[in-house]
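Next comes final_16.cif, with mmCIF, C-alpha atoms and all ligand atoms.
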data_model
#
loop_
_atom_site.label_atom_id
_atom_site.label_comp_id
_atom_site.auth_asym_id
_atom_site.auth_seq_id
_atom_site.Cartn_x
_atom_site.Cartn_y
_atom_site.Cartn_z
CA MET S 1 25.14 -13.82 17.06
CA HIS S 2 22.20 -14.09 19.40
CA LYS S 3 18.72 -14.91 18.19
CA LYS S 4 15.45 -14.04 19.89
CA ILE S 5 11.95 -14.90 18.77
CA PHE S 6 9.01 -12.86 20.01
CA PRO S 7 5.29 -13.72 19.98
CA SER S 8 4.47 -10.64 17.90
CA GLY S 9 6.02 -7.90 15.80
CA ASN S 10 5.04 -5.45 18.49
CA ALA S 11 6.92 -7.41 21.17
CA MET S 12 9.94 -7.58 18.87
CA ALA S 13 9.80 -3.83 18.32
CA ALA S 14 9.47 -3.13 22.06
CA ALA S 15 12.55 -5.24 22.78
CA ALA S 16 14.55 -3.47 20.06
CA ALA S 17 13.46 -0.07 21.36
CA ASP S 18 14.47 -1.06 24.92
CA ILE S 19 17.93 -2.12 23.74
CA ILE S 20 18.49 1.25 22.04
CA ILE S 21 17.15 3.18 25.03
CA ASP S 22 19.47 1.29 27.40
CA LEU S 23 22.44 1.92 25.12
CA VAL S 24 21.78 5.66 24.97
CA LYS S 25 21.30 5.83 28.76
CA ASP S 26 24.80 4.32 29.12
CA MET S 27 26.36 6.19 26.22
CA PRO S 28 24.58 9.53 25.60
CA ASP S 29 26.99 10.46 22.79
CA ALA S 30 26.64 7.17 20.88
CA LEU S 31 26.92 6.95 17.10
CA LEU S 32 23.63 5.40 15.98
CA CYS S 33 22.84 4.12 12.50
CA PHE S 34 19.26 3.60 11.37
CA ALA S 35 17.65 1.78 8.47
CA THR S 36 14.27 2.69 7.02
CA GLY S 37 11.60 0.42 5.53
CA ASN S 38 8.46 -1.14 6.95
CA THR S 39 10.26 -3.32 9.49
CA PRO S 40 11.55 -0.70 11.94
CA ILE S 41 8.49 1.60 11.91
CA GLU S 42 7.04 0.15 15.11
CA THR S 43 10.47 0.05 16.77
CA TYR S 44 10.94 3.75 16.05
CA ARG S 45 7.43 4.62 17.26
CA LEU S 46 8.08 2.83 20.55
CA LEU S 47 11.57 4.29 20.82
CA VAL S 48 10.16 7.81 20.61
CA GLN S 49 7.46 6.95 23.15
CA LYS S 50 9.89 5.34 25.60
CA ALA S 51 12.43 8.15 25.22
CA HIS S 52 9.67 10.57 26.10
CA ASP S 53 8.24 8.50 28.99
CA GLU S 54 11.67 7.79 30.49
CA GLN S 55 13.09 11.24 29.68
CA VAL S 56 16.04 9.80 27.80
CA ASP S 57 18.06 12.52 26.12
CA PHE S 58 19.07 11.73 22.54
CA SER S 59 20.33 15.23 21.78
CA ARG S 60 24.01 14.29 22.17
CA CYS S 61 23.78 11.17 20.00
CA PHE S 62 25.07 11.40 16.46
CA CYS S 63 22.90 9.67 13.87
CA ILE S 64 23.60 8.36 10.40
CA GLY S 65 21.40 6.66 7.84
CA LEU S 66 22.15 3.19 6.52
CA ASP S 67 21.35 3.98 2.91
CA GLU S 68 19.53 6.17 0.40
CA TRP S 69 17.99 5.90 -3.05
CA LEU S 70 20.23 7.56 -5.59
CA GLY S 71 18.48 10.29 -7.56
CA VAL S 72 15.84 10.87 -4.87
CA ALA S 73 15.84 14.26 -3.15
CA PRO S 74 15.90 14.47 0.67
CA GLU S 75 12.55 16.29 0.76
CA THR S 76 10.78 13.57 -1.27
CA SER S 77 8.39 11.72 1.02
CA GLY S 78 9.65 8.14 0.89
CA SER S 79 13.35 9.01 0.79
CA CYS S 80 15.30 7.55 3.69
CA HIS S 81 16.20 11.12 4.64
CA TYR S 82 12.56 12.19 4.86
CA ILE S 83 11.47 9.08 6.77
CA LEU S 84 14.24 9.22 9.37
CA HIS S 85 13.56 12.87 10.13
CA GLN S 86 9.85 12.25 10.35
CA GLN S 87 9.91 9.00 12.36
CA LEU S 88 12.92 9.62 14.57
CA PHE S 89 15.02 12.74 14.50
CA SER S 90 12.27 15.35 14.80
CA PRO S 91 10.29 13.54 17.52
CA LEU S 92 13.49 12.72 19.44
CA GLY S 93 14.67 16.32 19.25
CA ILE S 94 17.90 15.47 17.44
CA ALA S 95 19.28 18.60 15.77
CA ALA S 96 20.32 18.58 12.12
CA SER S 97 23.92 19.20 13.28
CA GLN S 98 23.84 15.76 14.96
CA VAL S 99 22.77 13.94 11.79
CA HIS S 100 24.61 12.91 8.64
CA LEU S 101 22.70 11.18 5.86
CA PHE S 102 23.64 10.20 2.33
CA ASP S 103 22.45 12.82 -0.14
CA GLY S 104 20.65 10.95 -2.90
CA MET S 105 21.11 13.96 -5.19
CA ALA S 106 24.86 14.35 -4.63
CA ALA S 107 26.64 15.38 -7.82
CA ASP S 108 29.53 13.13 -6.82
CA PRO S 109 28.20 9.97 -5.08
CA GLU S 110 31.75 8.61 -4.65
CA LEU S 111 32.63 11.68 -2.62
CA GLU S 112 29.43 11.17 -0.64
CA CYS S 113 30.67 7.65 0.19
CA LYS S 114 34.10 8.96 1.19
CA LYS S 115 32.54 11.54 3.51
CA MET S 116 30.50 8.85 5.25
CA ASN S 117 33.50 6.49 5.58
CA ILE S 118 35.58 9.28 7.12
CA LEU S 119 32.82 10.31 9.52
CA VAL S 120 32.31 6.76 10.80
CA ALA S 121 36.06 6.24 11.17
CA GLU S 122 36.55 9.55 12.99
CA LYS S 123 33.79 8.69 15.43
CA GLY S 124 35.42 5.33 16.17
CA GLY S 125 32.77 3.19 14.46
CA VAL S 126 29.03 2.75 14.85
CA ASP S 127 27.90 1.99 18.40
CA CYS S 128 24.48 0.66 17.45
CA MET S 129 23.15 -0.18 14.01
CA VAL S 130 19.53 -1.09 13.26
CA VAL S 131 18.94 -3.00 10.02
CA GLY S 132 16.15 -4.93 8.33
CA VAL S 133 16.45 -7.86 5.93
CA GLY S 134 15.43 -7.53 2.29
CA LEU S 135 13.36 -10.26 0.67
CA ASN S 136 16.49 -11.16 -1.31
CA GLY S 137 18.69 -11.14 1.80
CA HIS S 138 20.16 -7.69 1.33
CA VAL S 139 21.24 -5.48 4.23
CA GLY S 140 20.98 -1.80 3.47
CA PHE S 141 21.67 -1.84 -0.26
CA ASN S 142 24.30 -4.56 0.02
CA GLU S 143 22.68 -6.77 -2.58
CA PRO S 144 23.40 -10.49 -3.13
CA GLY S 145 26.90 -10.89 -4.58
CA VAL S 146 28.23 -7.71 -2.95
CA ASP S 147 31.94 -7.40 -2.23
CA THR S 148 32.02 -7.94 1.53
CA LYS S 149 35.13 -5.77 1.94
CA LEU S 150 33.45 -2.58 0.77
CA GLY S 151 32.74 0.45 2.91
CA ALA S 152 30.14 2.95 1.72
CA HIS S 153 29.45 2.47 -1.97
CA VAL S 154 26.98 2.90 -4.81
CA GLN S 155 25.09 -0.24 -5.72
CA GLU S 156 23.01 -1.20 -8.73
CA LEU S 157 19.72 -2.42 -7.22
CA HIS S 158 18.17 -5.80 -7.88
CA GLN S 159 14.65 -6.06 -9.28
CA THR S 160 13.25 -7.36 -5.95
CA THR S 161 14.59 -4.26 -4.22
CA LEU S 162 13.19 -1.93 -6.88
CA ASP S 163 9.81 -3.66 -6.66
CA SER S 164 9.66 -3.30 -2.85
CA GLY S 165 11.13 0.19 -3.00
CA LYS S 166 8.41 1.72 -5.12
CA HIS S 167 5.86 1.06 -2.37
CA TYR S 168 7.63 3.55 -0.09
CA PHE S 169 6.80 6.44 -2.42
CA ASP S 170 3.50 8.24 -3.03
CA THR S 171 4.45 9.03 -6.61
CA PRO S 172 6.61 7.05 -9.06
CA VAL S 173 10.35 7.74 -8.73
CA PRO S 174 12.96 6.63 -11.26
CA ILE S 175 15.21 4.53 -9.02
CA ARG S 176 17.95 2.22 -10.24
CA LYS S 177 20.81 2.59 -7.79
CA GLY S 178 21.31 3.05 -4.08
CA ILE S 179 24.06 4.43 -1.87
CA THR S 180 24.79 2.39 1.24
CA LEU S 181 27.10 1.68 4.12
CA GLY S 182 29.08 -1.48 3.38
CA LEU S 183 29.17 -4.85 5.07
CA THR S 184 32.42 -3.78 6.76
CA HIS S 185 30.40 -1.14 8.61
CA VAL S 186 27.70 -3.67 9.45
CA MET S 187 30.23 -6.19 10.75
CA HIS S 188 32.17 -3.58 12.74
CA ALA S 189 29.09 -2.09 14.41
CA LYS S 190 29.61 -2.62 18.13
CA LEU S 191 25.97 -3.67 18.46
CA LEU S 192 24.01 -4.89 15.46
CA LEU S 193 20.22 -5.22 15.67
CA MET S 194 18.75 -7.08 12.71
CA LEU S 195 14.96 -7.15 12.67
CA ALA S 196 12.56 -9.28 10.63
CA ASN S 197 8.87 -9.80 11.08
CA GLY S 198 5.95 -11.23 9.13
CA THR S 199 5.50 -14.46 7.18
CA HIS S 200 6.77 -12.81 3.99
CA LYS S 201 10.23 -12.77 5.65
CA ALA S 202 10.10 -16.45 6.72
CA PRO S 203 11.85 -17.84 3.59
CA VAL S 204 14.76 -15.38 3.77
CA VAL S 205 15.10 -15.87 7.54
CA LYS S 206 15.28 -19.60 6.96
CA GLN S 207 17.99 -19.13 4.34
CA LEU S 208 20.03 -16.73 6.42
CA LEU S 209 20.09 -19.11 9.37
CA GLN S 210 20.22 -22.46 7.60
CA ASP S 211 22.29 -21.88 4.43
CA GLU S 212 26.00 -21.18 4.38
CA VAL S 213 27.19 -17.74 5.41
CA SER S 214 28.01 -16.05 2.10
CA ASN S 215 27.55 -12.92 0.06
CA VAL S 216 24.80 -14.74 -1.85
CA LEU S 217 22.75 -13.70 1.17
CA PRO S 218 24.47 -10.69 2.76
CA ALA S 219 22.23 -10.83 5.87
CA SER S 220 23.74 -14.24 6.73
CA PHE S 221 26.91 -12.47 7.89
CA ILE S 222 25.15 -11.59 11.14
CA ARG S 223 26.00 -15.16 12.19
CA ARG S 224 29.67 -14.09 12.32
CA HIS S 225 28.93 -10.98 14.38
CA GLY S 226 29.93 -11.31 18.03
CA ASN S 227 27.32 -8.79 19.21
CA GLY S 228 24.70 -9.24 16.51
CA TRP S 229 21.12 -9.71 17.65
CA LEU S 230 18.65 -11.24 15.23
CA LEU S 231 15.21 -10.27 16.52
CA LEU S 232 12.29 -12.09 14.91
CA ASP S 233 8.60 -12.47 15.44
CA GLU S 234 7.07 -15.95 15.32
CA ALA S 235 5.77 -15.38 11.80
CA ALA S 236 9.25 -14.67 10.43
CA ALA S 237 10.61 -17.70 12.30
CA CYS S 238 7.84 -20.08 11.19
CA MET S 239 9.95 -21.96 8.60
CA LEU S 240 12.93 -22.62 10.86
CA GLU S 241 13.84 -26.20 11.67
CA GLU S 242 13.39 -27.34 15.27
CA GLN S 243 17.14 -27.58 15.80
CA VAL S 244 17.71 -24.00 14.63
CA LEU S 245 14.85 -22.78 16.81
CA LEU S 246 16.54 -24.32 19.85
CA GLU S 247 19.93 -22.68 19.14
CA LYS S 248 20.44 -19.44 21.01
P1 LIG N 1 11.23 -3.72 4.75
O1 LIG N 1 12.59 -3.67 3.94
O2 LIG N 1 11.57 -3.36 6.15
O3 LIG N 1 10.35 -2.69 4.10
O4 LIG N 1 10.71 -5.10 4.65
C1 LIG N 1 13.70 -4.29 4.50
C2 LIG N 1 14.90 -4.08 3.60
O5 LIG N 1 14.74 -4.01 2.37
O6 LIG N 1 16.03 -4.02 4.13
#
Reformat the file's structure so that it appears as structure tokens.
Amino acid sequence: MHKKIFPSGNAMAAAAADIIIDLVKDMPDALLCFATGNTPIETYRLLVQKAHDEQVDFSRCFCIGLDEWLGVAPETSGSCHYILHQQLFSPLGIAASQVHLFDGMAADPELECKKMNILVAEKGGVDCMVVGVGLNGHVGFNEPGVDTKLGAHVQELHQTTLDSGKHYFDTPVPIRKGITLGLTHVMHAKLLLMLANGTHKAPVVKQLLQDEVSNVLPASFIRRHGNGWLLLDEAAACMLEEQVLLEK
């Protein structure tokens, strides 16, 4: 793992966007995986701007979503599906045929998981995955205690996740479970970008870097990722011990 601390959330987002742009310049047919949430909004805004300014063509990339709320329809504003199309795929000109997202309304969620596992395997793994960190240390919907050997799976969501989740929606939605890529996908991503900004993330960032690596805090596994980049702003890093701050 590599760790970088930026003076602001905006600087962090610009660095993340640059990394993705450079990857797509080198590998125009990359398999990209994107999270939603508040954290990557600025990264995606800058990514779209830079792609436009530098004329980087994303049309040959294939994109997947990290997770989705089960029982929430794709067209519901606040669904991961809706957000990714709005923030990324439409402005980047990525056609629907180049995108595969979990369907939160799938009649058979297990089949939905199988389809995603097969797609990722057939494409030779994820080339670049962008993830945030939940307040409880989750990655995607890999909640504390998750079986680390799982691929895509359905997960009962913890109360912290449900509480944060409701803020993404304009109207109340009855969420209880999520569908998510597994930690095996996260760990096998050829490039993993984990972003965290703001003081509200400082306690979980401290835990993920200073406690033991374990499924009690799924995000801590980034420390075992050879090409994992933990990008933080100073606010999210404000509780780190001096020694940890000095480590690369
Ligand atoms: P946030 O969510 O980006 O809205 O803070 C992160 C997450 O739950 O993974």
* Within-9 Å residues of ligand LIG 1 (chain N), basis only C-alpha atoms and all ligand atoms, as an MDAnalysis selection string -> chainID S and resid 35:41 131:141 161 164:165 167:168 195:198 200:201
* Of the listed residues S:Thr148, S:Ser97, S:Gln55, S:Ser77, that which approaches Val24 in chain S most closely, counting all atoms listed in the file -> S:Gln55
* Polymer residues at most 9 Å from Ile94 in chain S, all atoms listed in the file, same-chain spacing of 2 or more positions, as number ranges by chain -> S: 58-63, 85, 88-92, 96-99
* Nearest to Val244 in chain S, chosen from S:Ala14, S:Thr180, S:Gly78, S:Ile5, with only C-alpha atoms counted in the distances ->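 The shortest atom-to-atom distance to Val244 in chain S comes from S:Ile5.
Minimum distance to Thr76 in chain S across S:Leu150, S:Met187, S:Val173, S:Ala202 (counting only C-alpha atoms) occurs at S:Val173.
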* Two-atom distance - CA of Val186 in chain S, CA of Asp67 in chain S (Å) ->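 Computing the Euclidean distance for CA of Val186 in chain S and CA of Asp67 in chain S yields 11.9 Å.
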Please list as an mmCIF file with C-alpha atoms, in the coordinates of the input every residue within 7 Å of Phe102 in chain S, counting only C-alpha atoms and excluding residues in the same chain fewer than 2 positions away.
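After the write, part_7.cif holds the following:
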data_model
loop_
_atom_site.group_PDB
_atom_site.id
_atom_site.type_symbol
_atom_site.label_atom_id
_atom_site.label_comp_id
_atom_site.auth_asym_id
_atom_site.auth_seq_id
_atom_site.Cartn_x
_atom_site.Cartn_y
_atom_site.Cartn_z
ATOM 1 C CA GLY S 65 21.400 6.660 7.840
ATOM 2 C CA ASP S 67 21.350 3.980 2.910
ATOM 3 C CA GLU S 68 19.530 6.170 0.400
ATOM 4 C CA HIS S 100 24.610 12.910 8.640
ATOM 5 C CA GLY S 104 20.650 10.950 -2.900
ATOM 6 C CA GLU S 112 29.430 11.170 -0.640
#
* **Using all atoms listed in the file: which of S:Leu217, S:Leu31, S:Leu232, S:Leu246 has the shortest distance to Ala15 in chain S** =>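 Of S:Leu217, S:Leu31, S:Leu232, S:Leu246, the one nearest Ala15 in chain S is S:Leu232, counting all atoms listed in the file.
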* Using all atoms listed in the file, what residues lie at most 10 Å away from (30.4, 7.7, -6.4) (file coordinates), given as a ChimeraX atom specification? -> /S:106-114,152-155,179
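Straight-line separation from CA of Leu240 in chain S to CA of Gln207 in chain S: 9.0 Å.
Separating CA of Asn142 in chain S from CA of Ile20 in chain S is a distance of 23.5 Å.
Restricting the calculation to only C-alpha atoms, the smallest distance between Ala237 in chain S and any of S:Lys206, S:Lys190, S:Arg224, S:His52 is found for S:Lys206.
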* Selection near Glu54 in chain S, 12 Å with only C-alpha atoms, sequence-local residues under 3 positions removed, as an MDAnalysis selection string -> chainID S and resid 18 21:22 24:25 46:51 57:58
* Among the residues S:Met194, S:Ser214, S:Cys80, S:Thr160, the one that comes closest to Asp233 in chain S [using all atoms listed in the file] ->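 Nearest to Asp233 in chain S: S:Met194.
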Could you write out as AutoDock Vina command-line options the box around range 111-130 of chain S (axis-aligned, all atoms listed in the file, 6 Å on each side), with centre and edge lengths in Å to one decimal?
--center_x 28.0 --center_y 5.3 --center_z 7.9 --size_x 29.0 --size_y 24.8 --size_z 33.0
Any chance you could model N, CA and C atoms for range 43-66 of chain S and send them as a compact mmCIF listing (two decimals), in the frame of the given file?
# COMPACT_ATOMS: atom_id res chain seq x y z
N THR S 43 9.34 -0.14 15.85
CA THR S 43 10.47 0.05 16.77
C THR S 43 10.70 1.54 17.01
N TYR S 44 10.68 2.32 15.93
CA TYR S 44 10.94 3.75 16.05
C TYR S 44 9.80 4.46 16.80
N ARG S 45 8.57 4.01 16.55
CA ARG S 45 7.43 4.62 17.26
C ARG S 45 7.58 4.38 18.77
N LEU S 46 7.93 3.16 19.12
CA LEU S 46 8.08 2.83 20.55
C LEU S 46 9.31 3.49 21.16
N LEU S 47 10.35 3.63 20.34
CA LEU S 47 11.57 4.29 20.82
C LEU S 47 11.27 5.73 21.20
N VAL S 48 10.52 6.41 20.35
CA VAL S 48 10.16 7.81 20.61
C VAL S 48 9.30 7.89 21.87
N GLN S 49 8.35 6.96 21.98
CA GLN S 49 7.46 6.95 23.15
C GLN S 49 8.24 6.69 24.45
N LYS S 50 9.12 5.69 24.40
CA LYS S 50 9.89 5.34 25.60
C LYS S 50 10.87 6.46 25.96
N ALA S 51 11.48 7.06 24.96
CA ALA S 51 12.43 8.15 25.22
C ALA S 51 11.70 9.28 25.94
N HIS S 52 10.48 9.52 25.50
CA HIS S 52 9.67 10.57 26.10
C HIS S 52 9.27 10.17 27.52
N ASP S 53 8.72 8.96 27.67
CA ASP S 53 8.24 8.50 28.99
C ASP S 53 9.38 8.44 30.01
N GLU S 54 10.55 7.98 29.55
CA GLU S 54 11.67 7.79 30.49
C GLU S 54 12.64 8.97 30.48
N GLN S 55 12.26 10.02 29.74
CA GLN S 55 13.09 11.24 29.68
C GLN S 55 14.54 10.93 29.29
N VAL S 56 14.69 10.12 28.27
CA VAL S 56 16.04 9.80 27.80
C VAL S 56 16.44 10.84 26.76
N ASP S 57 17.60 11.42 26.97
CA ASP S 57 18.06 12.52 26.12
C ASP S 57 18.88 11.99 24.94
N PHE S 58 18.36 12.17 23.75
CA PHE S 58 19.07 11.73 22.54
C PHE S 58 19.84 12.88 21.89
N SER S 59 19.80 14.05 22.49
CA SER S 59 20.33 15.23 21.78
C SER S 59 21.84 15.18 21.56
N ARG S 60 22.56 14.38 22.36
CA ARG S 60 24.01 14.29 22.17
C ARG S 60 24.42 13.12 21.28
N CYS S 61 23.46 12.27 20.91
CA CYS S 61 23.78 11.17 20.00
C CYS S 61 24.08 11.75 18.62
N PHE S 62 24.89 11.03 17.86
CA PHE S 62 25.07 11.40 16.46
C PHE S 62 24.44 10.29 15.63
N CYS S 63 23.66 10.67 14.63
CA CYS S 63 22.90 9.67 13.87
C CYS S 63 23.26 9.68 12.40
N ILE S 64 23.39 8.48 11.85
CA ILE S 64 23.60 8.36 10.40
C ILE S 64 22.54 7.42 9.82
N GLY S 65 22.36 7.53 8.52
CA GLY S 65 21.40 6.66 7.84
C GLY S 65 22.14 5.52 7.15
N LEU S 66 21.52 4.37 7.12
CA LEU S 66 22.15 3.19 6.52
C LEU S 66 22.31 3.34 5.01
